[in-house]
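Novice: Following this line is model-v6.txt, made up of compact mmCIF, C-alpha atoms:
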# COMPACT_ATOMS: atom_id res chain seq x y z
CA MET V 10 26.51 13.56 -16.45
CA ARG V 11 30.01 12.72 -17.71
CA GLN V 12 31.54 11.53 -14.44
CA ARG V 13 34.16 8.88 -14.47
CA ALA V 14 36.83 7.74 -12.09
CA VAL V 15 40.37 7.61 -13.43
CA CYS V 16 43.47 6.27 -11.73
CA ALA V 17 45.59 9.24 -10.70
CA ARG V 18 48.80 7.38 -11.44
CA CYS V 19 48.32 5.45 -14.69
CA HIS V 20 45.16 7.12 -16.05
CA THR V 21 43.31 3.85 -16.44
CA VAL V 22 39.56 4.40 -16.42
CA LEU V 23 38.26 2.79 -13.24
CA ILE V 24 34.57 3.61 -13.28
CA ALA V 25 32.62 4.57 -16.38
CA PRO V 26 29.60 2.35 -16.10
CA ARG V 27 27.45 4.15 -18.61
CA ARG V 28 29.94 4.33 -21.46
CA LYS V 29 31.41 0.86 -21.17
CA ALA V 30 28.10 -0.93 -20.76
CA GLY V 31 26.63 1.08 -23.62
CA LYS V 32 29.33 0.04 -26.06
CA GLN V 33 29.14 -3.60 -25.03
CA LEU V 34 25.36 -3.52 -25.34
CA ILE V 35 25.54 -2.09 -28.86
CA ALA V 36 28.08 -4.74 -29.85
CA LEU V 37 25.87 -7.50 -28.41
CA ALA V 38 22.74 -6.10 -30.01
CA LEU V 39 24.37 -5.91 -33.46
CA THR V 40 25.66 -9.48 -33.11
CA VAL V 41 22.24 -10.76 -32.15
CA LEU V 42 20.57 -8.88 -35.03
CA ILE V 43 22.90 -10.50 -37.57
CA LEU V 44 22.31 -13.90 -35.96
CA ILE V 45 18.53 -13.41 -36.06
CA VAL V 46 18.57 -12.73 -39.80
CA ALA V 47 20.82 -15.73 -40.46
CA ALA V 48 18.99 -18.07 -38.08
CA THR V 49 15.67 -17.25 -39.72
CA LEU V 50 16.81 -18.13 -43.22
CA PHE V 51 19.08 -21.18 -42.82
CA PRO V 52 17.63 -24.67 -42.22
CA PHE V 53 16.94 -25.12 -38.55
CA LEU V 54 16.30 -28.81 -38.02
CA SER V 55 16.20 -31.70 -40.42
CA ILE V 56 14.51 -35.02 -39.96
CA GLY V 57 15.12 -38.38 -41.56
CA ALA V 58 13.04 -41.56 -41.25
CA GLY V 59 12.50 -44.51 -43.52
CA GLY V 60 14.56 -43.00 -46.35
CA MET V 61 12.58 -39.75 -46.32
CA HIS V 62 14.18 -36.44 -45.48
CA HIS V 63 12.84 -32.99 -44.62
CA ASP V 64 14.36 -29.64 -43.61
CA ALA V 65 12.59 -26.88 -41.74
CA SER V 66 13.60 -23.27 -41.13
CA ILE V 67 12.31 -20.99 -38.39
CA LEU V 68 10.16 -19.16 -40.96
CA GLN V 69 8.57 -22.46 -41.98
CA ALA V 70 7.91 -23.26 -38.32
CA ALA V 71 6.16 -19.91 -37.90
CA PHE V 72 4.09 -20.25 -41.09
CA VAL V 73 2.87 -23.76 -40.33
CA PHE V 74 -0.48 -22.49 -39.04
CA GLU V 75 -2.78 -22.24 -42.06
CA GLY V 76 -6.40 -21.39 -42.79
CA GLY V 77 -8.24 -20.25 -39.68
CA LEU V 78 -5.07 -20.57 -37.65
CA SER V 79 -3.00 -18.17 -39.80
CA VAL V 80 -3.35 -15.41 -37.18
CA LEU V 81 -1.20 -17.62 -35.01
CA SER V 82 1.53 -17.69 -37.68
CA ILE V 83 1.80 -13.93 -37.49
CA ALA V 84 1.80 -14.00 -33.68
CA VAL V 85 4.55 -16.65 -33.57
CA LEU V 86 6.63 -14.70 -36.10
CA PHE V 87 6.31 -11.60 -33.90
CA PHE V 88 7.12 -13.48 -30.68
CA ILE V 89 10.25 -15.27 -31.88
CA VAL V 90 11.70 -13.02 -34.62
CA LEU V 91 10.20 -9.55 -35.06
CA ILE V 92 9.80 -8.42 -31.43
CA PRO V 93 13.31 -9.56 -30.34
CA ALA V 94 14.75 -7.83 -33.44
CA LEU V 95 12.72 -4.64 -32.90
CA ARG V 96 13.84 -4.43 -29.26
CA LEU V 97 17.49 -4.60 -30.34
CA VAL V 98 17.05 -1.96 -33.05
CA LEU V 99 15.38 0.36 -30.51
CA LEU V 100 18.16 -0.29 -27.99
CA ILE V 101 20.86 0.61 -30.54
CA TYR V 102 18.91 3.73 -31.54
CA VAL V 103 18.67 4.84 -27.90
CA LEU V 104 22.24 3.99 -26.89
CA ALA V 105 24.20 5.15 -29.96
CA PRO V 106 24.02 8.91 -29.15
CA ILE V 107 24.45 8.32 -25.40
CA ILE V 108 27.78 6.51 -25.67
CA ARG V 109 29.15 9.32 -27.84
CA ASP V 110 27.97 11.87 -25.25
CA ARG V 111 25.57 13.45 -27.71
CA PRO V 112 22.09 14.59 -26.71
CA PRO V 113 19.51 11.75 -26.87
CA ALA V 114 18.07 10.95 -30.29
CA PRO V 115 14.60 12.35 -31.04
CA LEU V 116 11.89 10.19 -29.47
CA ALA V 117 14.60 8.17 -27.69
CA ARG V 118 12.49 8.01 -24.53
CA SER V 119 9.44 6.72 -26.36
CA ALA V 120 11.68 4.22 -28.16
CA PHE V 121 13.14 2.92 -24.89
CA ARG V 122 9.69 2.82 -23.29
CA LEU V 123 8.40 0.73 -26.21
CA SER V 124 11.42 -1.56 -26.00
CA GLU V 125 10.82 -2.09 -22.27
CA SER V 126 7.11 -2.75 -22.67
CA LEU V 127 7.84 -5.38 -25.33
CA LEU V 128 10.10 -7.36 -22.98
CA PRO V 129 7.48 -9.93 -21.86
CA TRP V 130 6.48 -10.55 -25.49
CA SER V 131 9.97 -11.40 -26.66
CA MET V 132 9.99 -15.19 -26.52
CA ALA V 133 13.08 -16.39 -28.38
CA GLU V 134 14.37 -18.31 -25.37
CA ILE V 135 11.02 -20.05 -24.89
CA PHE V 136 11.13 -21.15 -28.54
CA ALA V 137 14.59 -22.62 -27.88
CA ILE V 138 13.28 -24.75 -24.98
CA GLY V 139 10.32 -25.70 -27.21
CA CYS V 140 12.84 -27.11 -29.71
CA ALA V 141 14.35 -29.28 -27.01
CA VAL V 142 10.91 -30.66 -26.06
CA ALA V 143 10.06 -31.32 -29.72
CA LEU V 144 13.38 -33.14 -30.20
CA VAL V 145 12.73 -35.41 -27.23
CA LYS V 146 9.25 -36.17 -28.57
CA LEU V 147 10.66 -37.12 -31.97
CA SER V 148 13.81 -38.90 -30.87
CA ASP V 149 12.12 -42.32 -30.71
CA LEU V 150 10.46 -41.99 -34.10
CA ALA V 151 13.07 -40.41 -36.36
CA ASP V 152 16.61 -39.10 -36.68
CA VAL V 153 16.66 -35.37 -36.05
CA VAL V 154 19.74 -33.34 -36.99
CA PHE V 155 20.53 -29.75 -36.04
CA GLY V 156 21.00 -27.41 -39.00
CA PRO V 157 23.32 -24.37 -38.95
CA ALA V 158 20.46 -22.12 -37.80
CA ALA V 159 19.96 -24.20 -34.67
CA TRP V 160 23.50 -23.47 -33.48
CA MET V 161 23.11 -19.78 -34.33
CA PHE V 162 19.86 -19.74 -32.43
CA ALA V 163 21.48 -21.39 -29.40
CA VAL V 164 24.17 -18.67 -29.29
CA LEU V 165 21.57 -15.99 -29.96
CA VAL V 166 19.39 -16.99 -27.02
CA VAL V 167 22.33 -16.80 -24.61
CA LEU V 168 23.27 -13.36 -25.99
CA VAL V 169 19.69 -12.07 -25.75
CA VAL V 170 19.56 -13.03 -22.08
CA ALA V 171 23.06 -11.53 -21.56
CA THR V 172 21.94 -8.27 -23.17
CA ASP V 173 18.97 -7.98 -20.84
CA ASN V 174 21.14 -8.70 -17.79
CA LEU V 175 23.97 -6.34 -18.75
CA MET V 176 21.56 -3.49 -19.40
CA CYS V 177 21.30 -1.12 -16.44
CA ARG V 178 17.86 0.35 -16.97
CA TYR V 179 18.39 2.90 -14.26
CA SER V 180 21.48 4.38 -15.90
CA ILE V 181 19.87 4.43 -19.35
CA TRP V 182 16.80 6.25 -18.03
CA ALA V 183 19.03 8.58 -16.02
CA SER V 184 21.07 9.43 -19.12
CA LEU V 185 17.88 10.13 -21.07
CA ASP V 186 16.76 12.52 -18.33
CA GLU V 187 17.76 16.13 -18.77
CA MET B 27 6.91 1.85 5.84
CA ARG B 28 6.64 5.28 4.20
CA THR B 29 5.49 5.06 0.63
CA ALA B 30 5.72 7.62 -2.16
CA ARG B 31 1.99 8.13 -1.79
CA ASP B 32 2.34 9.13 1.89
CA MET B 33 4.83 11.79 0.84
CA GLY B 34 2.59 13.23 -1.88
CA LEU B 35 4.63 11.65 -4.68
CA VAL B 36 3.97 9.17 -7.43
CA GLY B 37 6.48 6.77 -8.97
CA CYS B 38 6.53 5.87 -12.64
CA THR B 39 6.09 2.11 -13.05
CA ARG B 40 7.99 2.18 -16.36
CA CYS B 41 11.09 4.32 -15.77
CA MET B 42 11.12 4.56 -11.93
CA ARG B 43 11.18 8.39 -11.89
CA VAL B 44 9.42 10.00 -8.94
CA SER B 45 7.11 12.99 -9.54
CA HIS B 46 4.62 15.07 -7.58
CA SER B 47 1.33 13.28 -7.08
CA CYS B 48 -0.54 15.84 -9.18
CA THR B 49 1.55 14.98 -12.28
CA GLN B 50 -0.48 13.15 -14.90
CA ILE B 51 2.21 12.12 -17.37
CA CYS B 52 5.76 11.11 -16.46
CA PRO B 53 8.06 13.96 -17.54
CA ARG B 54 10.82 11.50 -18.41
CA CYS B 55 9.26 8.61 -20.31
CA GLY B 56 5.76 9.87 -21.08
CA SER B 57 3.86 7.02 -19.37
CA ALA B 58 0.56 7.84 -17.70
CA LEU B 59 1.13 8.26 -13.97
CA GLN B 60 -1.28 6.90 -11.39
CA SER B 61 -0.63 6.31 -7.74
CA ARG B 62 -3.06 3.36 -8.01
CA ASP B 63 -4.89 2.16 -11.10
CA PRO B 64 -8.58 2.38 -10.13
CA PHE B 65 -9.59 0.10 -13.03
CA SER B 66 -6.87 -2.47 -12.34
CA LEU B 67 -9.15 -5.15 -10.92
CA GLN B 68 -11.77 -4.70 -13.66
CA LYS B 69 -9.09 -5.21 -16.30
CA VAL B 70 -7.65 -8.20 -14.44
CA TRP B 71 -11.04 -9.93 -14.26
CA ALA B 72 -11.94 -9.10 -17.88
CA TRP B 73 -8.72 -10.61 -19.27
CA TRP B 74 -8.98 -13.48 -16.76
CA LEU B 75 -12.46 -14.42 -18.03
CA LEU B 76 -11.33 -14.22 -21.67
CA GLY B 77 -8.31 -16.38 -20.83
CA LEU B 78 -10.46 -18.97 -19.05
CA GLY B 79 -12.96 -18.89 -21.92
CA CYS B 80 -10.18 -19.76 -24.37
CA TYR B 81 -8.60 -22.37 -22.11
CA ILE B 82 -11.71 -24.59 -22.22
CA PRO B 83 -11.80 -25.07 -26.04
CA ALA B 84 -8.00 -25.40 -25.93
CA ASN B 85 -8.53 -28.62 -23.99
CA ILE B 86 -11.50 -29.92 -26.00
CA TYR B 87 -10.20 -29.52 -29.57
CA PRO B 88 -7.17 -31.45 -30.86
CA MET B 89 -3.77 -29.82 -30.50
CA LEU B 90 -2.02 -32.06 -33.06
CA GLU B 91 -3.25 -34.20 -35.93
CA THR B 92 -0.88 -37.00 -36.87
CA ARG B 93 -1.34 -38.88 -40.16
CA THR B 94 0.75 -41.98 -40.75
CA LEU B 95 0.56 -44.79 -43.33
CA VAL B 96 -1.83 -46.77 -41.20
CA SER B 97 -3.75 -44.31 -39.10
CA THR B 98 -4.92 -40.76 -38.44
CA GLN B 99 -4.78 -39.61 -34.86
CA SER B 100 -5.98 -36.41 -33.19
CA ASP B 101 -4.52 -35.60 -29.81
CA THR B 102 -5.81 -33.12 -27.29
CA ILE B 103 -3.32 -31.67 -24.79
CA VAL B 104 -4.11 -34.21 -22.07
CA GLY B 105 -4.65 -37.02 -24.61
CA GLY B 106 -1.22 -36.43 -26.13
CA ALA B 107 0.44 -36.59 -22.72
CA VAL B 108 -1.43 -39.81 -21.89
CA THR B 109 -0.31 -41.39 -25.18
CA LEU B 110 3.30 -40.44 -24.42
CA ALA B 111 3.01 -41.92 -20.93
CA GLN B 112 1.61 -45.17 -22.37
CA HIS B 113 4.64 -45.39 -24.64
CA GLY B 114 6.83 -45.09 -21.57
CA ASN B 115 7.92 -41.45 -22.09
CA TRP B 116 7.01 -40.47 -18.55
CA GLY B 117 9.42 -37.53 -18.44
CA VAL B 118 8.10 -35.75 -21.53
CA ALA B 119 4.51 -36.53 -20.59
CA LEU B 120 5.14 -34.92 -17.20
CA ILE B 121 6.74 -31.80 -18.77
CA ILE B 122 3.74 -31.36 -21.07
CA LEU B 123 1.23 -31.89 -18.28
CA VAL B 124 3.01 -29.39 -16.04
CA ALA B 125 3.50 -26.76 -18.78
CA SER B 126 0.02 -26.97 -20.33
CA VAL B 127 -2.26 -28.04 -17.49
CA VAL B 128 -0.77 -27.52 -14.03
CA ILE B 129 0.80 -24.08 -14.68
CA PRO B 130 -2.17 -22.51 -16.57
CA VAL B 131 -4.70 -23.79 -14.00
CA ALA B 132 -2.50 -22.65 -11.11
CA LYS B 133 -2.18 -19.27 -12.82
CA PHE B 134 -5.96 -18.85 -13.03
CA PHE B 135 -6.26 -19.66 -9.33
CA ALA B 136 -3.35 -17.39 -8.37
CA LEU B 137 -4.68 -14.39 -10.32
CA ALA B 138 -8.17 -14.90 -8.91
CA GLY B 139 -6.68 -15.21 -5.44
CA LEU B 140 -4.73 -11.97 -5.84
CA GLY B 141 -7.84 -10.17 -7.11
CA ILE B 142 -10.02 -11.45 -4.28
CA GLY B 143 -7.22 -10.69 -1.79
CA VAL B 144 -7.23 -7.01 -2.77
CA TRP B 145 -11.01 -6.92 -2.67
CA ARG B 146 -11.70 -8.50 0.72
CA GLY B 147 -8.34 -9.09 2.37
CA SER B 148 -6.20 -12.17 2.36
CA ARG B 149 -4.79 -14.71 4.78
CA LEU B 150 -1.44 -14.53 2.99
CA SER B 151 1.04 -11.89 4.09
CA GLU B 152 1.89 -8.91 1.92
CA ARG B 153 5.25 -10.44 1.10
CA GLN B 154 3.80 -13.81 0.09
CA ARG B 155 1.33 -12.12 -2.23
CA HIS B 156 4.07 -10.07 -3.87
CA LEU B 157 6.06 -13.25 -4.40
CA LEU B 158 2.99 -14.97 -5.83
CA TYR B 159 2.42 -12.07 -8.24
CA GLU B 160 6.04 -12.06 -9.38
CA VAL B 161 5.96 -15.81 -10.00
CA VAL B 162 2.69 -15.53 -11.98
CA GLU B 163 4.04 -12.67 -14.08
CA TYR B 164 7.34 -14.41 -14.73
CA ILE B 165 5.94 -17.84 -15.52
CA GLY B 166 3.08 -16.65 -17.76
CA ARG B 167 5.01 -16.38 -20.98
CA TRP B 168 6.56 -19.85 -20.58
CA SER B 169 3.19 -21.50 -21.25
CA MET B 170 3.63 -20.48 -24.87
CA ILE B 171 6.14 -23.34 -25.15
CA ASP B 172 3.38 -25.76 -26.16
CA VAL B 173 2.41 -23.62 -29.16
CA PHE B 174 6.05 -23.49 -30.27
CA VAL B 175 6.39 -27.27 -29.89
CA VAL B 176 3.34 -27.69 -32.14
CA ALA B 177 4.87 -25.29 -34.70
CA ILE B 178 8.22 -27.11 -34.70
CA LEU B 179 6.68 -30.59 -34.89
CA SER B 180 4.29 -29.64 -37.70
CA SER B 181 6.93 -27.91 -39.81
CA LEU B 182 9.43 -30.71 -39.32
CA VAL B 183 7.34 -33.86 -39.62
CA GLN B 184 6.32 -33.51 -43.26
CA LEU B 185 7.39 -36.92 -44.58
CA GLN B 186 4.65 -37.23 -47.20
CA ALA B 187 2.95 -40.63 -46.92
CA LEU B 188 5.06 -41.85 -44.02
CA ALA B 189 3.99 -39.33 -41.42
CA THR B 190 2.66 -35.78 -41.36
CA ILE B 191 1.72 -33.63 -38.38
CA THR B 192 -0.60 -30.63 -38.70
CA PRO B 193 -1.58 -28.20 -35.95
CA GLY B 194 -5.11 -28.50 -34.59
CA ARG B 195 -7.60 -25.83 -33.62
CA ALA B 196 -6.67 -25.99 -29.95
CA SER B 197 -3.28 -24.38 -30.68
CA LEU B 198 -4.96 -21.04 -31.48
CA PHE B 199 -7.19 -21.16 -28.39
CA PHE B 200 -4.25 -22.15 -26.20
CA ALA B 201 -2.12 -19.27 -27.52
CA LEU B 202 -4.99 -16.82 -26.97
CA SER B 203 -5.48 -18.13 -23.44
CA VAL B 204 -1.77 -17.56 -22.67
CA ILE B 205 -1.86 -14.04 -24.16
CA PHE B 206 -5.03 -13.09 -22.24
CA THR B 207 -3.69 -14.36 -18.90
CA MET B 208 -0.42 -12.48 -19.52
CA LEU B 209 -2.47 -9.30 -20.08
CA SER B 210 -4.49 -10.09 -16.96
CA ALA B 211 -1.30 -10.38 -14.88
CA GLN B 212 0.09 -7.16 -16.39
CA SER B 213 -3.11 -5.25 -15.56
CA PHE B 214 -2.80 -6.13 -11.89
CA ASP B 215 -1.52 -3.08 -10.01
CA SER B 216 0.67 -4.76 -7.40
CA ARG B 217 0.59 -1.61 -5.24
CA LEU B 218 -3.01 -2.52 -4.39
CA ILE B 219 -1.55 -5.33 -2.25
CA TRP B 220 -0.04 -2.73 0.09
CA ASP B 221 -3.38 -0.97 0.52
CA SER B 222 -5.28 -4.14 1.35
CA ALA B 223 -2.55 -5.17 3.81
CA ARG B 224 -2.77 -1.78 5.50
CA ARG B 225 -6.52 -1.62 5.60
CA PRO B 226 -7.00 -2.71 9.25
CA ASP B 227 -4.89 0.12 10.70
CA ARG B 228 -6.43 2.60 8.27
CA LYS B 229 -9.83 1.88 9.75
CA GLU B 230 -8.41 2.63 13.18
CA ASP B 231 -7.05 5.91 11.83
CA THR B 232 -10.42 7.04 10.53
CA HIS B 233 -12.14 6.42 13.86
CA PRO B 234 -12.67 9.73 15.65
Could you spell out this file's structure in structure tokens?

Specialist:
Amino acid sequence: MRQRAVCARCHTVLIAPRRKAGKQLIALALTVLILIVAATLFPFLSIGAGGMHHDASILQAAFVFEGGLSVLSIAVLFFIVLIPALRLVLLIYVLAPIIRDRPPAPLARSAFRLSESLLPWSMAEIFAIGCAVALVKLSDLADVVFGPAAWMFAVLVVLVVATDNLMCRYSIWASLDE
Amino acid sequence: MRTARDMGLVGCTRCMRVSHSCTQICPRCGSALQSRDPFSLQKVWAWWLLGLGCYIPANIYPMLETRTLVSTQSDTIVGGAVTLAQHGNWGVALIILVASVVIPVAKFFALAGLGIGVWRGSRLSERQRHLLYEVVEYIGRWSMIDVFVVAILSSLVQLQALATITPGRASLFFALSVIFTMLSAQSFDSRLIWDSARRPDRKEDTHP
């Protein structure tokens, strides 16, 4: 389980895929979690036309569906905020004991299985492209300005994709196997 | 090609662990193990029909309702794209048409084609069908973009008397249609493609 390749001369660690990737993944996941909280609360986009002005946050965008459509508000909130956040929390929970060479946390396998099955339903990056389309639609009619949350969200989307690419599912499953 | 099934083994679709074919639950991740899902096609068609059923009202009801000083306008998906094209925004109109009409319709055809292909054989090769399935599964979630655009536009364009945008009923039906077709694609057991591709030589095998 704890194999690594070390340079015989200078003792530099040459190969330790599991440990290194695990630490980087936890760092990325924590960063993204903080960004998600901040990006949800700060104003996202603001619009100005004819002397009028309006700000919107991601939460306001999710809760725009009212009345009979309010189910959709909950779904959108899950797709763009809660499911991405939950996947990161589960990933940290699974990886934290592994990188310290402790036995896997209780229910770690179920947690990782849940995180993996939620992957198609995590749609933060699709929301980001949706913003671009909405901006193009509005650009003729009004002045649209990015708020602080928009920049956080832009960074966040790149990091979410990076997290999923850096993650070696095979090694994580192998390290959860006894 | 030798498959796990030929060797009396079954692979876990979730965590990739290989177990003996009599194992019911994956010892590593706890997923249910099945060499093939016998109800796969039933599930695919059930979700497919629900998705299609929701896609029709999604195109009839308005997606966006725009109120300005002078007028109130309801736009369906296609209507909105046509309006954009009339204003000269050909690029955006094309993106919307592709994301909300071409891709969903192509997805319905592709899923139906995959289902029928397993059932009574297909002219496409095994490899082409796998590619088709991967594309359908990958692209499915991107259709949700239209719902997000509606959410962003409606939360942002709240300029009191000047202009307000509110989401229309079609947004819910469209979102449901995307969710149901995603579930339909996920229910498809892609290993069935191998069986239907092998079927001709199997028949030869069973001949005495």

Novice: Between V:Leu44, V:Gly59, V:Arg118, V:Ala36, which has the minimum distance to V:Ala183 (counting all atoms listed in the file)?

Specialist: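 Closest to V:Ala183 of all the choices is V:Arg118.
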
Novice: I need the contact residues of chain V against chain B, so if you could list those with any atom within 6 Å, counting only C-alpha atoms, and return them as a ChimeraX atom specification, that would help.

Specialist: /V:65,70,73,118,135-136,139,143

Novice: Which residue, B:Thr190, B:Leu76, B:Phe135, B:Val70, has the smallest gap to B:Leu95 when you use all atoms listed in the file?

Specialist: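 Comparing B:Thr190, B:Leu76, B:Phe135, B:Val70 against B:Leu95, the winner is B:Thr190.
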
Novice: Could you check the closest approach to B:Glu152 for each of B:Gln50, B:Ala107, B:Leu140, B:Lys69 and tell me which residue wins, using only C-alpha atoms?

Specialist: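 Ranking B:Gln50, B:Ala107, B:Leu140, B:Lys69 by distance to B:Glu152, first place goes to B:Leu140.
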
Novice: Calculate how many Å separate atom CA of V:Gly156 from atom CA of V:Phe88, rounding to one decimal.

Specialist: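 So the two atoms, atom CA of V:Gly156 and atom CA of V:Phe88, lie 21.4 Å apart.
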
Novice: Nearest to B:Thr98 among B:Ile191, B:Met33, B:Ile219, B:Trp73, with distances taken over only C-alpha atoms: which residue is it?

Specialist: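 Result for the nearest residue to B:Thr98: B:Ile191.
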
Novice: Taking the point (-4.9, -26.8, -15.3) as given in the file, collect each protein or nucleic acid residue that comes within 12 Å of it, counting only C-alpha atoms, and present the set as an MDAnalysis selection string.

Specialist: chainID B and resid 78 81:82 84:85 103:104 122:136 169 200 203

Novice: Calculate how many Å separate atom CA of B:Ser148 from atom CA of B:Gly77, rounding to one decimal.

Specialist: 23.7 Å

Novice: For V:Arg122, which residue out of V:Leu168, V:Val85, V:Ala71, V:Leu185 is the nearest one, using only C-alpha atoms?

Specialist: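 Distance minimum relative to V:Arg122 lands on V:Leu185.
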
Novice: So which residues touch V:Ala30 within 12 Å, counting all atoms listed in the file, skipping near sequence neighbours fewer than 4 positions away, as a list in words?

Specialist: Ile24, Ala25, Pro26, Leu34, Ile35, Ala36, Leu37, Ala38, Leu104, Ala105, Ile107, Ile108, Ala171, Thr172, Asp173, Asn174, Leu175, Met176, Cys177, Arg178, Ser180 and Ile181 of chain V

Novice: Just so I have it separately, write stretch 140-162 of chain V from the block I sent, keeping N, CA and C atoms, as a short mmCIF file (atom, residue, chain, number, x, y, z; two decimals), in the first residue's frame.

Specialist:
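Below is the file that was written, out_9.cif:
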data_model
loop_
_atom_site.label_atom_id
_atom_site.label_comp_id
_atom_site.auth_asym_id
_atom_site.auth_seq_id
_atom_site.Cartn_x
_atom_site.Cartn_y
_atom_site.Cartn_z
N CYS V 140 -24.21 31.94 -18.35
CA CYS V 140 -23.99 33.36 -18.10
C CYS V 140 -23.51 34.06 -19.35
N ALA V 141 -22.58 33.41 -20.05
CA ALA V 141 -22.03 34.02 -21.26
C ALA V 141 -23.14 34.23 -22.29
N VAL V 142 -24.01 33.22 -22.46
CA VAL V 142 -25.11 33.34 -23.43
C VAL V 142 -26.04 34.48 -23.03
N ALA V 143 -26.37 34.54 -21.71
CA ALA V 143 -27.27 35.59 -21.23
C ALA V 143 -26.66 36.97 -21.47
N LEU V 144 -25.34 37.08 -21.26
CA LEU V 144 -24.67 38.37 -21.47
C LEU V 144 -24.77 38.81 -22.91
N VAL V 145 -24.54 37.86 -23.84
CA VAL V 145 -24.62 38.21 -25.26
C VAL V 145 -26.04 38.66 -25.61
N LYS V 146 -27.03 37.95 -25.04
CA LYS V 146 -28.43 38.32 -25.31
C LYS V 146 -28.73 39.74 -24.85
N LEU V 147 -28.13 40.14 -23.70
CA LEU V 147 -28.47 41.42 -23.11
C LEU V 147 -27.59 42.56 -23.62
N SER V 148 -26.47 42.21 -24.26
CA SER V 148 -25.47 43.24 -24.54
C SER V 148 -26.01 44.38 -25.41
N ASP V 149 -26.99 44.09 -26.28
CA ASP V 149 -27.55 45.15 -27.12
C ASP V 149 -28.48 46.06 -26.32
N LEU V 150 -29.12 45.50 -25.29
CA LEU V 150 -30.20 46.21 -24.63
C LEU V 150 -29.73 47.02 -23.43
N ALA V 151 -28.67 46.55 -22.75
CA ALA V 151 -28.31 47.19 -21.49
C ALA V 151 -26.83 47.01 -21.23
N ASP V 152 -26.33 47.78 -20.24
CA ASP V 152 -24.94 47.60 -19.81
C ASP V 152 -24.91 46.56 -18.71
N VAL V 153 -24.15 45.50 -18.93
CA VAL V 153 -24.05 44.46 -17.91
C VAL V 153 -22.62 44.45 -17.37
N VAL V 154 -22.50 44.46 -16.04
CA VAL V 154 -21.19 44.52 -15.40
C VAL V 154 -21.01 43.28 -14.52
N PHE V 155 -19.82 42.68 -14.58
CA PHE V 155 -19.52 41.54 -13.71
C PHE V 155 -19.36 42.02 -12.27
N GLY V 156 -19.98 41.32 -11.32
CA GLY V 156 -19.73 41.59 -9.91
C GLY V 156 -18.59 40.73 -9.43
N PRO V 157 -18.17 40.89 -8.15
CA PRO V 157 -17.06 40.07 -7.63
C PRO V 157 -17.34 38.57 -7.73
N ALA V 158 -18.60 38.17 -7.53
CA ALA V 158 -18.93 36.75 -7.55
C ALA V 158 -18.69 36.13 -8.92
N ALA V 159 -18.85 36.94 -9.97
CA ALA V 159 -18.66 36.39 -11.32
C ALA V 159 -17.22 35.95 -11.52
N TRP V 160 -16.27 36.77 -11.02
CA TRP V 160 -14.85 36.40 -11.16
C TRP V 160 -14.55 35.17 -10.32
N MET V 161 -15.10 35.14 -9.08
CA MET V 161 -14.89 33.96 -8.24
C MET V 161 -15.43 32.72 -8.93
N PHE V 162 -16.60 32.88 -9.55
CA PHE V 162 -17.23 31.74 -10.19
C PHE V 162 -16.39 31.27 -11.37
#
